[in-house]
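Q: Sharing a structure with you now.
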Amino acid sequence: MKPLLKNSIYALCLYLPVFMAQAAPLYLQQLESAAIDEKKLQEAHKQIKDYSKITLKEDLFVPPFHNQNPAQATDKNSFCSTCHLLPPHTKNKRKRSFLNMHSQYISCETCHFQPENVQLEYRWLNFNDNSNKNSAQNSNNKRITPFYNNEAVIIFVDHELATQVKQIWQKESADKELSTEESPTHKLSTEVILEKARLKLRIHSPLGKKGPKCIDCHNNKDPFLDLVSLGFDEKEISKLQQHSISRFFGRYTKDGTKNEQRLRMTDLLQ
Ligand code: HEC
Ligand code: HEC
Ligand code: HEC
């Protein structure tokens with residue numbers, strides 16, 4: 001292991017214990033206890049080096065047909081939105097619109113937080129409310145969220161850790177502007193890249209790269225979510241469990257190649 005990497009791996013742990021005084025949300029506890037290995041760090045290092053921020057086009061010639069609800073913008077967002085755009089999914093052309101649609105009513109952590117040996121429960125949480133307690137299905141801006149010991153496992157973008165993360169995350173752009181391959185600021189930039197790689201790795205250590213498959217939730221044998229306890233009625237449940245779109249994705253096991261990612265109406269109607 002390169003000494004540079006070794007010395008700094010645990011730097012992020014330094015401020016985490018501050019939040020551990022009260023029973024911290026499970027996601028934070030898992031960050032704290034994650035084992036971080038060199039291979040994963042190298043991987044994260046490469047991701048950060050290759051990372052380029054997505055900038056959204058403004059003043060489109062043709063305004064978006066589906067206008068965003070302006071109230072949505074003031075909603076409390078997940079911690080993940082400190083760095084990820086909302087909607088977050090871009091890479092899988094075939095699934096991304098469905099995944100992004102789900103992130104309006106299912107928290108990121110429901111699909112991505114996958115701790116070992118922990119039994120999670122899934123309940124509605126109001127994202128406009130400061131509490132980590134569950135709320136009714138019909139309250140505003142609620143999302144299905146993992147709970148542990150009657151507390152939501154997640155933190156929000158207004159959490160102190162998010163503020164600290166943002167400071168590290170924003171450092172980069174300033175450095176990137178200053179530094180070129182040959183310039184003296186390049187060294188500083190390398191350190192920032194490393195700092196960000198460690199941060200990325202730790203934040204994602206309790207997270208899965210992929211969420212459950214469509215069919216894991218949309219089936220009536222052993223569904224990932226208990227739709228009855230979430231308050232769905234019989235009719236809604238049978239609609240969700242037999243939905244032709246999720247069944248289509250279940251049949252379509254091959255993830256489309258780079259050239260072939262289209263969805264055909266005829267495939268859906270089979
Ligand atoms: C400090 C910034 C930051 C935060 C906070 C953050 N991410 Fe990420 N995330 C990244 C970067 C950088 C990548 C890699 C580049 C990319 O894919 O955009 C990434 C990649 C991912 C990936 C792809 C798999 C992987 O690990 O590379 C998933 C899934 C993901 N993030 C989910 C989440 C979720 C869920 C949260 C909130 C619990 C979250 N992220 C919070 C920066 C962040
Ligand atoms: C309904 C489940 C679900 C929800 C909710 C969800 N994801 Fe994902 N996410 C997935 C799946 C499945 C994949 C893998 C897609 C693929 O096959 O490539 C994925 C992939 C990703 C990736 C890597 C691929 C990409 O397109 O960049 C990132 C980053 C990510 N998710 C972030 C998030 C964030 C942030 C949230 C919350 C705002 C979130 N996800 C909510 C299921 C979900
Ligand atoms: C974590 C569980 C979960 C996963 C994974 C998931 N879904 Fe869903 N999906 C739901 C829930 C719950 C709803 C209903 C939300 C509501 O109505 O409040 C839903 C709603 C839908 C709907 C709208 C149903 C309607 O007619 O109102 C479609 C279509 C759908 N999902 C397709 C998919 C596809 C395609 C995938 C995979 C890319 C997927 N789902 C993955 C849980 C999931």
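Convention: chains lettered A, B, ... in structure tokens order; per-chain residue numbering from 1; ligands numbered from 1 as shown.
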Kindly provide, as a compact mmCIF listing (two decimals) with C-alpha atoms, in the first residue's frame, all nucleotide and amino acid residues lying within 8 Å of ligand 1, counting only C-alpha atoms and all ligand atoms.

A:
# COMPACT_ATOMS: atom_id res chain seq x y z
CA TYR A 27 -26.47 4.51 7.78
CA ALA A 44 -12.71 5.12 -6.13
CA GLN A 47 -13.71 7.17 -10.48
CA ILE A 48 -12.92 10.58 -9.00
CA TYR A 51 -15.49 12.15 -12.86
CA SER A 78 -31.68 13.10 0.79
CA PHE A 79 -28.03 13.25 1.83
CA CYS A 80 -27.21 11.69 -1.55
CA SER A 81 -28.26 14.89 -3.32
CA THR A 82 -25.21 16.60 -1.79
CA CYS A 83 -23.38 15.18 -4.82
CA HIS A 84 -25.89 13.41 -7.06
CA CYS A 108 -32.41 6.13 -2.46
CA GLU A 109 -31.54 4.05 0.59
CA CYS A 111 -32.87 0.43 -3.02
CA HIS A 112 -29.18 1.10 -2.31
CA PHE A 113 -28.64 0.64 1.43
CA ILE A 154 -31.07 7.82 6.70
CA ALA A 162 -23.52 16.69 4.53
CA VAL A 165 -18.92 16.58 2.74
CA LYS A 166 -19.98 19.53 0.61
CA ILE A 168 -14.61 18.72 0.52
CA TRP A 169 -16.67 18.08 -2.59
CA LYS A 196 -12.45 12.84 -2.40
CA ALA A 197 -11.77 9.22 -3.30
CA LEU A 199 -14.83 10.27 0.98
CA LYS A 200 -16.62 8.60 -1.93
CA LEU A 201 -15.50 5.18 -0.77
CA ILE A 203 -19.99 7.14 1.94
CA HIS A 204 -20.71 4.26 -0.44
CA SER A 205 -19.33 1.48 1.71
CA LEU A 207 -24.40 0.98 -0.36
CA GLY A 208 -25.04 -1.45 -3.20
CA LYS A 209 -24.11 -0.45 -6.74
CA LYS A 210 -27.43 -1.70 -7.99
CA GLY A 211 -30.80 -1.78 -6.30

Q: Near Thr55 (chain A), within 12 Å and counting only C-alpha atoms, which residues show up once chain neighbours fewer than 2 positions away are dropped, as a list of chain:residue names?

A: A:Ser52, A:Lys53, A:Lys57, A:Glu58, A:His84, A:Leu85

Q: Report as number ranges by chain which protein, DNA and RNA residues come within 10 Å of ligand 3, using only C-alpha atoms and all ligand atoms.

A: A: 92, 94-112, 122, 124, 137-138, 142-145, 210-219, 223-227, 230-232, 236-237, 239-250

Q: I'd like to know which residues of region 39-261 of chain A are strand (DSSP E or B) (by DSSP, run on the backbone); could you write them as a list of chain:residue names?

A: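 Answer for region 39-261 of chain A restricted to strand (DSSP E or B) is A:Ser78, A:Ile106, A:Phe113, A:Glu121, A:Tyr122, A:Arg123, A:Trp124, A:Leu125, A:Asn126, A:Lys142, A:Arg143, A:Ile144, A:Thr145, A:Pro146, A:Phe147, A:Tyr148, A:Glu151, A:Ala152, A:Phe156, A:Leu207.
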
Q: Based on the backbone DSSP call, show me all residues of region 26-235 of chain A assigned helix (DSSP H, G or I), as an MDAnalysis selection string.

A: chainID A and resid 26:33 38:50 70:74 79:82 96:102 108:112 160:178 186:204 214:217 234:235

Q: Have a look at A:Lys93, A:Arg202, A:Lys221, A:Lys235 and name the one nearest to Glu32 (chain A); count only C-alpha atoms.

A: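 Counting only C-alpha atoms, the residue closest to Glu32 (chain A) is A:Arg202.
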
Q: Record the distance separating atom 33 (C, counted along the ligand's line) of ligand 2 and CA of His89 (chain A), expressed in Å with one decimal.

A: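 Distance between the two atoms: 6.2 Å.
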
Q: Can you measure CA of Arg123 (chain A) to CA of Phe147 (chain A) for me? One decimal in Å is fine.

A: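 One can read the CA of Arg123 (chain A) to CA of Phe147 (chain A) distance as 6.8 Å.
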
Q: Between CA of Phe127 (chain A) and CA of Gln170 (chain A), what is the distance, to one decimal in Å?

A: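 CA of Gln170 (chain A) lies 25.0 Å from CA of Phe127 (chain A).
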
Q: Between A:Lys91, A:Lys76, A:Lys39, A:Lys46, single out the one closest to ligand 2, counting only C-alpha atoms and all ligand atoms.

A: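 When distances to ligand 2 are compared using only C-alpha atoms and all ligand atoms, the smallest one comes from A:Lys91.
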